[in-house]
>>> print(open('upload26.txt').read())   # compact mmCIF, C-alpha atoms
# COMPACT_ATOMS: atom_id res chain seq x y z
CA GLU A 1463 -162.26 216.64 67.11
CA LEU A 1464 -160.81 214.92 70.17
CA PHE A 1465 -164.32 213.80 71.11
CA GLU A 1466 -164.87 212.26 67.67
CA HIS A 1467 -161.51 210.48 67.96
CA LEU A 1468 -162.46 209.09 71.37
CA LEU A 1469 -165.89 207.99 70.16
CA ALA A 1470 -164.32 206.29 67.18
CA HIS A 1471 -161.85 204.53 69.49
CA PHE A 1472 -164.62 202.91 71.52
CA GLN A 1473 -166.85 201.78 68.64
CA PRO A 1474 -166.66 198.08 67.81
CA LYS A 1475 -164.80 197.71 64.50
CA LEU A 1476 -167.70 195.99 62.73
CA LEU A 1477 -166.60 197.25 59.30
CA ALA A 1478 -162.83 196.95 59.79
CA GLY A 1479 -161.07 197.20 56.44
CA ARG A 1480 -164.33 197.39 54.46
CA ARG A 1481 -164.62 199.92 51.63
CA VAL A 1482 -167.91 201.84 51.68
CA LEU A 1483 -169.12 204.20 48.93
CA MET A 1484 -172.04 206.49 49.81
CA THR A 1485 -174.14 209.32 48.43
CA ALA A 1486 -175.83 211.99 50.57
CA GLY A 1487 -177.75 215.25 50.38
CA PRO A 1488 -180.06 216.56 47.67
CA THR A 1489 -179.15 217.11 44.04
CA PHE A 1490 -179.66 220.47 42.31
CA GLU A 1491 -180.88 220.31 38.70
CA ALA A 1492 -180.14 223.67 37.09
CA LEU A 1493 -182.75 225.58 35.10
CA ASP A 1494 -180.38 228.51 34.53
CA PRO A 1495 -177.26 229.88 36.31
CA VAL A 1496 -179.21 230.49 39.56
CA ARG A 1497 -182.47 228.53 39.53
CA GLY A 1498 -183.14 224.84 39.77
CA LEU A 1499 -185.10 221.86 41.05
CA THR A 1500 -184.06 220.42 44.37
CA ASN A 1501 -185.49 218.90 47.54
CA LEU A 1502 -185.43 219.43 51.28
CA SER A 1503 -182.80 216.78 52.15
CA SER A 1504 -180.29 218.30 54.58
CA GLY A 1505 -177.70 215.51 54.17
CA LYS A 1506 -177.67 214.95 57.96
CA MET A 1507 -178.63 211.25 57.84
CA GLY A 1508 -176.05 210.47 55.16
CA PHE A 1509 -173.28 212.39 56.93
CA ALA A 1510 -174.16 210.67 60.24
CA LEU A 1511 -173.98 207.30 58.50
CA ALA A 1512 -170.62 208.16 56.89
CA ARG A 1513 -169.28 209.07 60.36
CA ALA A 1514 -170.63 205.82 61.85
CA CYS A 1515 -169.02 203.76 59.07
CA VAL A 1516 -165.63 205.41 59.68
CA GLN A 1517 -165.99 204.84 63.44
CA ALA A 1518 -166.72 201.17 62.67
CA GLY A 1519 -163.38 200.95 60.82
CA ALA A 1520 -164.49 201.37 57.19
CA HIS A 1521 -162.77 203.37 54.41
CA VAL A 1522 -165.55 205.75 53.37
CA THR A 1523 -165.98 207.72 50.13
CA LEU A 1524 -168.93 210.12 50.29
CA VAL A 1525 -170.37 211.68 47.12
CA SER A 1526 -172.36 214.66 48.35
CA GLY A 1527 -174.86 217.00 46.76
CA PRO A 1528 -174.98 220.67 47.87
CA VAL A 1529 -175.26 220.72 51.70
CA SER A 1530 -173.87 222.98 54.40
CA LEU A 1531 -172.31 220.28 56.58
CA PRO A 1532 -168.68 219.71 57.58
CA THR A 1533 -166.97 216.57 56.30
CA PRO A 1534 -166.78 213.89 59.04
CA GLN A 1535 -163.21 213.01 60.04
CA GLY A 1536 -161.57 210.36 57.90
CA VAL A 1537 -164.18 210.55 55.11
CA THR A 1538 -163.10 211.14 51.49
CA ARG A 1539 -165.65 213.60 50.13
CA ILE A 1540 -166.52 214.32 46.48
CA ASP A 1541 -168.89 217.29 45.96
CA VAL A 1542 -171.35 217.28 43.07
CA GLN A 1543 -174.45 219.24 42.13
CA SER A 1544 -176.65 217.32 39.66
CA ALA A 1545 -177.81 213.69 39.52
CA SER A 1546 -175.74 213.15 36.36
CA GLN A 1547 -172.61 214.40 38.13
CA MET A 1548 -173.43 212.17 41.11
CA HIS A 1549 -173.86 209.17 38.79
CA ASP A 1550 -170.47 209.77 37.18
CA ALA A 1551 -168.70 210.32 40.52
CA VAL A 1552 -170.21 207.10 41.93
CA PHE A 1553 -169.19 204.99 38.93
CA GLY A 1554 -165.70 206.52 39.02
CA ALA A 1555 -165.25 205.48 42.66
CA LEU A 1556 -167.08 202.12 42.44
CA PRO A 1557 -164.29 199.60 41.60
CA GLY A 1558 -163.17 197.72 44.72
CA GLN A 1559 -166.02 198.86 47.00
CA ASP A 1560 -167.59 196.32 49.38
CA VAL A 1561 -170.73 198.35 50.12
CA PHE A 1562 -172.72 201.02 48.30
CA ILE A 1563 -175.21 203.09 50.32
CA GLY A 1564 -177.47 205.47 48.39
CA VAL A 1565 -178.72 207.98 50.95
CA ALA A 1566 -178.90 210.99 48.62
CA ALA A 1567 -182.33 212.29 47.64
CA VAL A 1568 -181.49 212.21 43.93
CA ALA A 1569 -183.81 214.25 41.72
CA ASP A 1570 -185.88 211.87 39.59
CA TYR A 1571 -186.10 214.43 36.79
CA ARG A 1572 -183.97 217.26 35.37
CA PRO A 1573 -184.95 220.12 33.05
CA SER A 1574 -184.56 219.01 29.42
CA GLN A 1575 -182.33 222.03 28.90
CA ALA A 1576 -180.59 224.51 31.22
CA ALA A 1577 -180.33 228.11 30.02
CA ALA A 1578 -176.80 229.57 29.91
CA ASP A 1579 -178.12 232.97 31.03
CA LYS A 1580 -180.69 233.82 33.67
CA ILE A 1581 -184.21 233.33 32.32
CA LYS A 1582 -186.20 236.61 32.26
CA LYS A 1583 -189.76 236.32 33.48
CA SER A 1584 -192.40 237.48 31.07
CA ALA A 1585 -195.34 235.14 30.53
CA ASP A 1586 -197.95 234.46 33.21
CA THR A 1587 -197.37 230.74 32.86
CA LEU A 1588 -194.35 228.69 31.94
CA THR A 1589 -194.05 225.05 30.94
CA LEU A 1590 -191.00 223.06 31.98
CA GLU A 1591 -190.07 219.90 30.12
CA LEU A 1592 -188.33 217.41 32.43
CA LEU A 1593 -186.37 214.27 31.57
CA ARG A 1594 -185.93 211.20 33.78
CA ASN A 1595 -182.57 211.05 35.56
CA PRO A 1596 -180.49 207.85 35.75
CA ASP A 1597 -181.33 205.67 38.79
CA ILE A 1598 -177.88 205.51 40.39
CA LEU A 1599 -178.68 202.89 43.03
CA ALA A 1600 -180.41 200.52 40.58
CA ALA A 1601 -177.53 200.95 38.12
CA VAL A 1602 -174.93 200.07 40.79
CA ALA A 1603 -176.97 197.09 42.03
CA ALA A 1604 -177.31 195.80 38.44
CA GLN A 1605 -173.53 195.57 37.95
CA PRO A 1606 -172.29 191.94 37.58
CA ASP A 1607 -169.82 192.41 40.47
CA ALA A 1608 -172.08 194.72 42.50
CA PRO A 1609 -171.17 195.51 46.11
CA LEU A 1610 -173.73 194.97 48.88
CA CYS A 1611 -176.31 197.66 48.09
CA VAL A 1612 -178.29 199.67 50.62
CA GLY A 1613 -181.09 202.05 49.68
CA PHE A 1614 -183.14 204.64 51.54
CA ALA A 1615 -186.86 205.16 51.09
CA ALA A 1616 -188.29 208.46 52.30
CA GLU A 1617 -192.04 208.34 51.83
CA SER A 1618 -195.00 210.44 52.89
CA ARG A 1619 -197.30 207.34 53.17
CA ASN A 1620 -197.42 203.53 52.59
CA LEU A 1621 -193.82 203.14 53.76
CA ASP A 1622 -193.88 199.31 53.99
CA GLY A 1623 -195.21 198.91 50.46
CA TYR A 1624 -192.79 201.33 48.81
CA ALA A 1625 -189.73 200.23 50.82
CA GLN A 1626 -190.28 196.50 50.22
CA GLY A 1627 -191.00 197.23 46.55
CA LYS A 1628 -187.69 199.13 46.30
CA LEU A 1629 -185.78 196.25 47.95
CA GLN A 1630 -187.06 193.79 45.35
CA ALA A 1631 -187.25 195.98 42.22
CA LYS A 1632 -183.70 197.32 42.58
CA LYS A 1633 -182.25 194.02 43.93
CA LEU A 1634 -180.92 195.60 47.13
CA GLN A 1635 -179.77 193.78 50.28
CA LEU A 1636 -181.13 196.43 52.68
CA VAL A 1637 -183.56 199.35 52.56
CA VAL A 1638 -183.78 201.95 55.32
CA GLY A 1639 -187.29 203.39 55.29
CA ASN A 1640 -188.71 206.43 57.00
CA LEU A 1641 -191.62 208.81 56.76
CA VAL A 1642 -190.49 212.24 55.51
CA GLN A 1643 -192.52 213.97 58.22
CA ASP A 1644 -190.34 212.12 60.83
CA SER A 1645 -187.02 212.91 59.22
CA ILE A 1646 -186.43 215.71 56.69
CA GLY A 1647 -184.20 218.44 58.12
CA ARG A 1648 -184.46 217.05 61.66
CA ASP A 1649 -181.67 215.78 63.91
CA SER A 1650 -183.61 212.66 64.95
CA ASN A 1651 -185.16 209.92 62.88
CA ALA A 1652 -187.51 206.92 63.21
CA VAL A 1653 -186.63 204.23 60.67
CA VAL A 1654 -187.58 200.70 59.69
CA LEU A 1655 -185.01 198.34 58.15
CA TYR A 1656 -186.18 196.01 55.37
CA ASP A 1657 -184.11 193.02 54.19
CA ALA A 1658 -184.65 189.48 52.88
CA ALA A 1659 -185.50 188.36 56.43
CA GLY A 1660 -188.28 190.93 56.80
CA ARG A 1661 -189.09 194.17 58.58
CA HIS A 1662 -187.05 195.48 61.54
CA PRO A 1663 -188.31 198.74 63.13
CA LEU A 1664 -185.72 200.72 65.12
CA PRO A 1665 -186.70 202.93 68.05
CA PRO A 1666 -186.75 206.70 67.32
CA ALA A 1667 -183.31 208.15 68.11
CA SER A 1668 -180.78 210.76 67.05
CA LYS A 1669 -179.48 210.39 63.48
CA ASP A 1670 -176.07 209.43 64.98
CA ASP A 1671 -177.62 206.60 67.02
CA VAL A 1672 -179.76 205.44 64.10
CA ALA A 1673 -176.60 205.44 61.95
CA GLN A 1674 -174.78 203.14 64.42
CA ARG A 1675 -177.70 200.69 64.43
CA ILE A 1676 -177.76 200.65 60.62
CA VAL A 1677 -174.01 199.90 60.65
CA SER A 1678 -174.56 196.98 63.06
CA HIS A 1679 -177.30 195.54 60.86
CA LEU A 1680 -175.22 196.05 57.72
CA ALA A 1681 -172.20 194.34 59.30
CA GLY A 1682 -174.42 191.32 60.00
CA LEU A 1683 -175.45 191.14 56.33
CA LEU A 1684 -171.80 191.31 55.19
CA LYS A 1685 -170.73 188.20 57.09
CA GLU B 1349 -171.59 238.45 70.53
CA LEU B 1350 -169.38 240.89 72.40
CA PHE B 1351 -167.58 241.65 69.14
CA GLU B 1352 -170.88 242.38 67.36
CA HIS B 1353 -171.90 244.64 70.26
CA LEU B 1354 -168.61 246.54 70.05
CA LEU B 1355 -168.83 246.88 66.27
CA ALA B 1356 -172.39 248.16 66.57
CA HIS B 1357 -171.25 250.66 69.18
CA PHE B 1358 -168.70 252.24 66.85
CA GLN B 1359 -170.88 252.44 63.71
CA PRO B 1360 -172.28 255.89 62.94
CA LYS B 1361 -176.01 255.85 63.68
CA LEU B 1362 -177.03 256.73 60.11
CA LEU B 1363 -180.40 254.99 60.41
CA ALA B 1364 -181.16 255.92 64.03
CA GLY B 1365 -184.83 255.24 64.78
CA ARG B 1366 -185.63 254.20 61.20
CA ARG B 1367 -187.81 251.12 60.63
CA VAL B 1368 -186.45 248.82 57.94
CA LEU B 1369 -188.29 245.80 56.49
CA MET B 1370 -186.22 243.34 54.45
CA THR B 1371 -186.44 240.02 52.64
CA ALA B 1372 -183.50 237.62 52.21
CA GLY B 1373 -182.57 234.15 50.99
CA PRO B 1374 -184.20 232.00 48.31
CA THR B 1375 -187.82 230.87 48.24
CA PHE B 1376 -188.78 227.21 47.93
CA GLU B 1377 -191.80 226.45 45.73
CA ALA B 1378 -193.06 222.99 46.64
CA LEU B 1379 -193.84 220.36 43.99
CA ASP B 1380 -194.70 217.77 46.65
CA PRO B 1381 -193.80 217.25 50.35
CA VAL B 1382 -190.06 217.01 49.56
CA ARG B 1383 -189.32 218.44 46.10
CA GLY B 1384 -189.43 221.97 44.81
CA LEU B 1385 -188.06 224.82 42.75
CA THR B 1386 -185.46 227.02 44.39
CA ASN B 1387 -182.27 228.92 43.64
CA LEU B 1388 -178.70 229.17 44.86
CA SER B 1389 -179.10 232.28 47.04
CA SER B 1390 -177.40 231.68 50.41
CA GLY B 1391 -179.01 234.66 52.16
CA LYS B 1392 -175.54 235.97 53.17
CA MET B 1393 -175.89 239.40 51.51
CA GLY B 1394 -179.35 239.98 53.01
CA PHE B 1395 -178.29 238.89 56.48
CA ALA B 1396 -175.15 241.08 56.27
CA LEU B 1397 -177.34 244.02 55.28
CA ALA B 1398 -179.77 243.34 58.15
CA ARG B 1399 -176.81 243.35 60.55
CA ALA B 1400 -175.46 246.61 59.07
CA CYS B 1401 -178.88 248.28 59.38
CA VAL B 1402 -179.14 247.29 63.07
CA GLN B 1403 -175.59 248.55 63.68
CA ALA B 1404 -176.62 251.85 62.06
CA GLY B 1405 -179.44 252.18 64.59
CA ALA B 1406 -182.44 250.87 62.61
CA HIS B 1407 -185.27 248.62 63.83
CA VAL B 1408 -185.02 245.70 61.40
CA THR B 1409 -187.63 243.07 60.48
CA LEU B 1410 -186.20 240.35 58.23
CA VAL B 1411 -188.49 238.00 56.29
CA SER B 1412 -186.26 235.08 55.35
CA GLY B 1413 -186.62 232.13 53.00
CA PRO B 1414 -185.01 228.79 53.95
CA VAL B 1415 -181.33 229.48 54.78
CA SER B 1416 -178.88 228.03 57.29
CA LEU B 1417 -177.73 231.31 58.84
CA PRO B 1418 -178.01 232.58 62.42
CA THR B 1419 -180.22 235.62 63.05
CA PRO B 1420 -178.11 238.81 63.47
CA GLN B 1421 -178.43 240.35 66.93
CA GLY B 1422 -181.34 242.73 67.32
CA VAL B 1423 -183.10 241.59 64.14
CA THR B 1424 -186.75 240.44 64.25
CA ARG B 1425 -186.87 237.42 61.95
CA ILE B 1426 -189.90 235.85 60.24
CA ASP B 1427 -189.21 232.54 58.46
CA VAL B 1428 -191.15 231.63 55.32
CA GLN B 1429 -190.78 229.10 52.53
CA SER B 1430 -192.68 230.14 49.38
CA ALA B 1431 -192.99 233.45 47.53
CA SER B 1432 -196.68 233.64 48.46
CA GLN B 1433 -195.83 233.24 52.16
CA MET B 1434 -193.10 235.87 51.80
CA HIS B 1435 -195.57 238.25 50.14
CA ASP B 1436 -198.07 237.83 52.99
CA ALA B 1437 -195.41 238.23 55.71
CA VAL B 1438 -194.09 241.42 54.05
CA PHE B 1439 -197.52 243.02 53.74
CA GLY B 1440 -198.32 242.03 57.34
CA ALA B 1441 -195.21 243.85 58.59
CA LEU B 1442 -195.35 246.80 56.16
CA PRO B 1443 -197.38 249.46 58.03
CA GLY B 1444 -195.08 252.09 59.57
CA GLN B 1445 -191.89 251.01 57.79
CA ASP B 1446 -189.53 253.73 56.49
CA VAL B 1447 -187.54 251.49 54.16
CA PHE B 1448 -188.22 248.23 52.31
CA ILE B 1449 -185.23 246.29 50.96
CA GLY B 1450 -185.98 243.28 48.77
CA VAL B 1451 -182.82 241.16 48.83
CA ALA B 1452 -184.51 237.75 48.57
CA ALA B 1453 -184.15 235.82 45.34
CA VAL B 1454 -187.90 235.27 45.05
CA ALA B 1455 -188.94 232.51 42.65
CA ASP B 1456 -190.64 234.09 39.62
CA TYR B 1457 -192.82 231.01 39.12
CA ARG B 1458 -194.40 228.30 41.27
CA PRO B 1459 -195.86 224.92 40.25
CA SER B 1460 -199.55 225.34 39.36
CA GLN B 1461 -200.30 222.61 41.91
CA ALA B 1462 -198.31 220.95 44.69
CA ALA B 1463 -198.98 217.26 45.32
CA ALA B 1464 -199.97 216.34 48.89
CA ASP B 1465 -198.01 213.08 48.63
CA LYS B 1466 -194.60 212.40 47.16
CA ILE B 1467 -194.82 212.08 43.36
CA LYS B 1468 -193.77 208.61 42.17
CA LYS B 1469 -191.55 208.63 39.11
CA SER B 1470 -192.84 206.65 36.18
CA ALA B 1471 -192.75 208.36 32.80
CA ASP B 1472 -189.51 209.17 30.97
CA THR B 1473 -190.56 212.79 30.66
CA LEU B 1474 -192.69 215.04 32.82
CA THR B 1475 -194.24 218.42 32.09
CA LEU B 1476 -194.51 221.00 34.86
CA GLU B 1477 -197.01 223.83 34.57
CA LEU B 1478 -195.76 226.94 36.36
CA LEU B 1479 -197.64 230.10 37.35
CA ARG B 1480 -196.15 233.56 37.78
CA ASN B 1481 -195.56 234.55 41.42
CA PRO B 1482 -196.53 237.98 42.80
CA ASP B 1483 -193.74 240.59 42.45
CA ILE B 1484 -193.36 241.55 46.12
CA LEU B 1485 -191.03 244.51 45.59
CA ALA B 1486 -193.13 246.06 42.81
CA ALA B 1487 -196.27 245.58 44.89
CA VAL B 1488 -194.72 247.33 47.91
CA ALA B 1489 -193.37 250.20 45.76
CA ALA B 1490 -196.81 250.64 44.17
CA GLN B 1491 -198.50 251.32 47.54
CA PRO B 1492 -199.76 254.94 47.88
CA ASP B 1493 -197.74 255.44 51.10
CA ALA B 1494 -194.80 253.27 50.01
CA PRO B 1495 -191.58 253.36 52.04
CA LEU B 1496 -188.27 254.07 50.34
CA CYS B 1497 -187.79 250.93 48.21
CA VAL B 1498 -184.49 249.21 47.47
CA GLY B 1499 -184.13 246.32 45.03
CA PHE B 1500 -181.37 243.90 44.18
CA ALA B 1501 -180.55 242.77 40.65
CA ALA B 1502 -178.45 239.61 40.31
CA GLU B 1503 -177.74 239.09 36.63
CA SER B 1504 -175.51 236.84 34.56
CA ARG B 1505 -174.98 239.57 31.88
CA ASN B 1506 -176.05 243.10 30.82
CA LEU B 1507 -176.15 244.26 34.47
CA ASP B 1508 -176.48 248.00 33.72
CA GLY B 1509 -179.42 247.48 31.39
CA TYR B 1510 -181.37 245.16 33.66
CA ALA B 1511 -180.62 247.07 36.89
CA GLN B 1512 -181.58 250.48 35.48
CA GLY B 1513 -184.67 248.92 33.91
CA LYS B 1514 -185.66 247.51 37.31
CA LEU B 1515 -185.15 250.90 39.01
CA GLN B 1516 -187.56 252.57 36.59
CA ALA B 1517 -190.09 249.80 35.95
CA LYS B 1518 -190.67 249.10 39.65
CA LYS B 1519 -190.36 252.77 40.73
CA LEU B 1520 -187.53 252.07 43.21
CA GLN B 1521 -185.22 254.63 44.83
CA LEU B 1522 -182.13 252.36 44.75
CA VAL B 1523 -181.05 249.17 43.01
CA VAL B 1524 -178.01 247.17 44.10
CA GLY B 1525 -176.74 245.27 41.09
CA ASN B 1526 -174.23 242.47 40.84
CA LEU B 1527 -173.19 239.69 38.50
CA VAL B 1528 -174.20 236.29 39.89
CA GLN B 1529 -170.78 234.86 39.09
CA ASP B 1530 -169.27 237.49 41.49
CA SER B 1531 -171.71 236.88 44.31
CA ILE B 1532 -173.86 233.77 44.71
CA GLY B 1533 -172.78 231.71 47.74
CA ARG B 1534 -169.59 233.72 48.21
CA ASP B 1535 -168.55 235.79 51.23
CA SER B 1536 -167.45 238.76 49.08
CA ASN B 1537 -169.31 240.78 46.51
CA ALA B 1538 -168.72 243.42 43.82
CA VAL B 1539 -171.77 245.62 43.39
CA VAL B 1540 -172.92 248.71 41.53
CA LEU B 1541 -175.51 251.06 43.03
CA TYR B 1542 -178.09 252.60 40.69
CA ASP B 1543 -180.29 255.52 41.69
CA ALA B 1544 -181.89 258.62 40.12
CA ALA B 1545 -178.43 260.30 40.10
CA GLY B 1546 -176.84 257.49 38.09
CA ARG B 1547 -174.44 254.59 38.48
CA HIS B 1548 -172.13 254.20 41.51
CA PRO B 1549 -169.73 251.20 41.42
CA LEU B 1550 -168.42 250.05 44.82
CA PRO B 1551 -165.03 248.36 45.17
CA PRO B 1552 -165.13 244.55 45.66
CA ALA B 1553 -165.27 243.81 49.40
CA SER B 1554 -166.66 241.43 51.99
CA LYS B 1555 -170.46 241.24 52.14
CA ASP B 1556 -170.27 242.97 55.56
CA ASP B 1557 -168.29 245.91 54.11
CA VAL B 1558 -170.55 246.14 51.07
CA ALA B 1559 -173.56 246.16 53.41
CA GLN B 1560 -172.16 249.13 55.35
CA ARG B 1561 -171.59 251.09 52.15
CA ILE B 1562 -175.14 250.34 51.00
CA VAL B 1563 -176.41 251.62 54.37
CA SER B 1564 -174.41 254.85 53.96
CA HIS B 1565 -175.82 255.41 50.48
CA LEU B 1566 -179.33 254.58 51.65
CA ALA B 1567 -179.08 257.00 54.58
CA GLY B 1568 -178.15 259.76 52.10
CA LEU B 1569 -181.31 259.04 50.06
CA LEU B 1570 -183.49 259.15 53.20
CA LYS B 1571 -182.52 262.72 54.09
>>> encode(input="upload26.txt", output="structure tokens")
Amino acid sequence: ELFEHLLAHFQPKLLAGRRVLMTAGPTFEALDPVRGLTNLSSGKMGFALARACVQAGAHVTLVSGPVSLPTPQGVTRIDVQSASQMHDAVFGALPGQDVFIGVAAVADYRPSQAAADKIKKSADTLTLELLRNPDILAAVAAQPDAPLCVGFAAESRNLDGYAQGKLQAKKLQLVVGNLVQDSIGRDSNAVVLYDAAGRHPLPPASKDDVAQRIVSHLAGLLK
Amino acid sequence: ELFEHLLAHFQPKLLAGRRVLMTAGPTFEALDPVRGLTNLSSGKMGFALARACVQAGAHVTLVSGPVSLPTPQGVTRIDVQSASQMHDAVFGALPGQDVFIGVAAVADYRPSQAAADKIKKSADTLTLELLRNPDILAAVAAQPDAPLCVGFAAESRNLDGYAQGKLQAKKLQLVVGNLVQDSIGRDSNAVVLYDAAGRHPLPPASKDDVAQRIVSHLAGLLK
């Protein structure tokens, strides 16, 4: 704790007084009381970024899916499970925010219905009907008084194409792109930043270092 | 570590020299490089039971799905992701085992195909075709020279019915039953043991205490 305090003390206060709302982690879309659809996001990148924002002087609210990570000092954390819960928590906390950063790996689809009791296996095959989840980041960015919006693109291929497409289609100011094979579950990350000025690759580094560089870039866009 | 050593020293050696093979945690059935079907099992009960078996003098091999838990001292751990991988790891380690304990919450179904690249969302609905997974515990218990087989039943209702059904249908020597609402993700557990002699409820206790009582009961069945 002392170490985090000291680190925070020596960071430049690039986001002094700014209000930052973030999402992190996976979502869990229940099929029944125990089973569900999820993904391999550990939440580490989002939690590192929340820490870096606080160290840069921001007020940070972090809406987190199910992860096993401690809350960084000074961060206000709201725990949720499903994409719908994350959507509602984000819109509840949105008024007055200067920046929204969608780091969470939100499930694109949810089961059309969740069983109240545990499903008993019987048939050799099973068909699941899935419905599209709300796109939280696009919905925030489409608000008339939207904050500066930052998205993450985790892709297994064609990173430039997907990340630049996301920047334009969702009307974001910044997209942080990475290849899933470089990132998921790891402590380090190799990312490329995409904004209106173009493509800015960052050197591979720890998620904490990458988070500080994202904060620096973000602070430049806020001016 | 010292504390674990001391604890181990004072446990009665009820399983001295016995070889115990176990599974623990959830499985993760991939839909694509990042998404998949899983469940809320934390692996805590299985890891506590592995620790208790080692403390009782057993040689323990633990096949674990994706969990964020440290390996108990003295346990040989094999990490897997899917039910098929867990099945193969169990059968690879099976020869010469005295006891098999299936604690893992193995996914009953897997997607009929996993995409090599991340699936891009497009349609408003999506249909997933799922195939039945192998039943690892039933397959082990059906071997001609099967070890003593212990199953776990985590149910949201009708625990007695499902647990006793599992004991008979899979030809197990012991089933540890609990209600998911009493157990999943928690550090404590309230369980009922089911064997050929009947139903034996244990008082609610920490997962470590419950594990020791299961070991005592198991040692009685081995005699």
>>> residues_near_point(input="upload26.txt", point="(-175.3, 213.1, 56.6)", cutoff="10 Å", atoms="only C-alpha atoms", output="list in words")
Thr1485, Ala1486, Gly1487, Ser1503, Ser1504, Gly1505, Lys1506, Met1507, Gly1508, Phe1509, Ala1510, Leu1511, Ala1512, Arg1513, Leu1524, Ser1526, Val1529, Leu1531, Pro1532, Thr1533, Pro1534, Val1565, Ala1566, Lys1669, Asp1670 and Ala1673 of chain A
>>> atom_distance(input="upload26.txt", atom1="CA of Val1523 (chain B)", atom2="CA of Ala1378 (chain B)")
29.0 Å
>>> residues_around(input="upload26.txt", residues="Ser1432 (chain B)", least_positions_apart="2", cutoff="9 Å", atoms="all atoms listed in the file", output="list of chain:residue names")
B:Gln1429, B:Ser1430, B:Met1434, B:His1435, B:Asp1436, B:Ala1437, B:Asn1481, B:Pro1482, B:Ile1484
>>> closest_residue(input="upload26.txt", among="B:Ala1489, B:Ile1467, B:Leu1566, B:Val1428", to="Cys1401 (chain B)", atoms="only C-alpha atoms")
B:Leu1566
>>> interface_residues(input="upload26.txt", of="chain A", to="chain B", cutoff="8 Å", atoms="all atoms listed in the file", output="list in words")
Pro1495, Val1496, Arg1497, Gly1498, Leu1499, Thr1500, Asn1501, Leu1502, Ser1503, Ser1530, Asp1570, Tyr1571, Asp1579, Lys1580, Lys1583, Ala1585, Asp1586, Thr1587, Leu1588, Thr1589, Leu1590, Glu1591, Leu1592, Leu1593, Arg1594, Glu1617, Ser1618, Arg1619 and Val1642 of chain A
>>> atom_distance(input="upload26.txt", atom1="CA of Arg1367 (chain B)", atom2="CA of Gly1546 (chain B)")
25.9 Å
>>> decode(input="upload26.txt", residues="region 1513-1523 of chain B", atoms="N, CA, C and O atoms", output="PDB file, in the first residue's frame")
ATOM      1  N   GLY B1513     -29.385 -40.886  -6.889  1.00  0.00           N
ATOM      2  CA  GLY B1513     -29.461 -41.361  -8.264  1.00  0.00           C
ATOM      3  C   GLY B1513     -28.070 -41.477  -8.878  1.00  0.00           C
ATOM      4  O   GLY B1513     -27.760 -42.440  -9.577  1.00  0.00           O
ATOM      5  N   LYS B1514     -27.232 -40.469  -8.601  1.00  0.00           N
ATOM      6  CA  LYS B1514     -25.860 -40.451  -9.141  1.00  0.00           C
ATOM      7  C   LYS B1514     -25.043 -41.608  -8.576  1.00  0.00           C
ATOM      8  O   LYS B1514     -24.287 -42.267  -9.300  1.00  0.00           O
ATOM      9  N   LEU B1515     -25.191 -41.859  -7.276  1.00  0.00           N
ATOM     10  CA  LEU B1515     -24.473 -42.951  -6.599  1.00  0.00           C
ATOM     11  C   LEU B1515     -24.752 -44.276  -7.310  1.00  0.00           C
ATOM     12  O   LEU B1515     -23.829 -45.055  -7.585  1.00  0.00           O
ATOM     13  N   GLN B1516     -26.042 -44.508  -7.596  1.00  0.00           N
ATOM     14  CA  GLN B1516     -26.432 -45.791  -8.202  1.00  0.00           C
ATOM     15  C   GLN B1516     -26.134 -45.834  -9.696  1.00  0.00           C
ATOM     16  O   GLN B1516     -25.546 -46.798 -10.197  1.00  0.00           O
ATOM     17  N   ALA B1517     -26.519 -44.769 -10.420  1.00  0.00           N
ATOM     18  CA  ALA B1517     -26.395 -44.799 -11.882  1.00  0.00           C
ATOM     19  C   ALA B1517     -24.940 -44.935 -12.311  1.00  0.00           C
ATOM     20  O   ALA B1517     -24.636 -45.616 -13.284  1.00  0.00           O
ATOM     21  N   LYS B1518     -24.042 -44.246 -11.581  1.00  0.00           N
ATOM     22  CA  LYS B1518     -22.627 -44.265 -11.989  1.00  0.00           C
ATOM     23  C   LYS B1518     -21.821 -45.316 -11.243  1.00  0.00           C
ATOM     24  O   LYS B1518     -20.624 -45.420 -11.440  1.00  0.00           O
ATOM     25  N   LYS B1519     -22.485 -46.093 -10.362  1.00  0.00           N
ATOM     26  CA  LYS B1519     -21.817 -47.146  -9.588  1.00  0.00           C
ATOM     27  C   LYS B1519     -20.647 -46.587  -8.767  1.00  0.00           C
ATOM     28  O   LYS B1519     -19.500 -47.062  -8.869  1.00  0.00           O
ATOM     29  N   LEU B1520     -20.948 -45.551  -7.969  1.00  0.00           N
ATOM     30  CA  LEU B1520     -19.935 -44.907  -7.121  1.00  0.00           C
ATOM     31  C   LEU B1520     -20.013 -45.490  -5.713  1.00  0.00           C
ATOM     32  O   LEU B1520     -21.029 -46.081  -5.325  1.00  0.00           O
ATOM     33  N   GLN B1521     -18.936 -45.315  -4.933  1.00  0.00           N
ATOM     34  CA  GLN B1521     -18.954 -45.776  -3.545  1.00  0.00           C
ATOM     35  C   GLN B1521     -19.379 -44.648  -2.592  1.00  0.00           C
ATOM     36  O   GLN B1521     -19.790 -44.889  -1.462  1.00  0.00           O
ATOM     37  N   LEU B1522     -19.223 -43.379  -3.057  1.00  0.00           N
ATOM     38  CA  LEU B1522     -19.552 -42.234  -2.196  1.00  0.00           C
ATOM     39  C   LEU B1522     -19.926 -41.047  -3.074  1.00  0.00           C
ATOM     40  O   LEU B1522     -19.273 -40.803  -4.093  1.00  0.00           O
ATOM     41  N   VAL B1523     -20.980 -40.341  -2.669  1.00  0.00           N
ATOM     42  CA  VAL B1523     -21.317 -39.071  -3.321  1.00  0.00           C
ATOM     43  C   VAL B1523     -21.387 -37.992  -2.248  1.00  0.00           C
ATOM     44  O   VAL B1523     -21.980 -38.194  -1.191  1.00  0.00           O
TER      45      VAL B1523
END
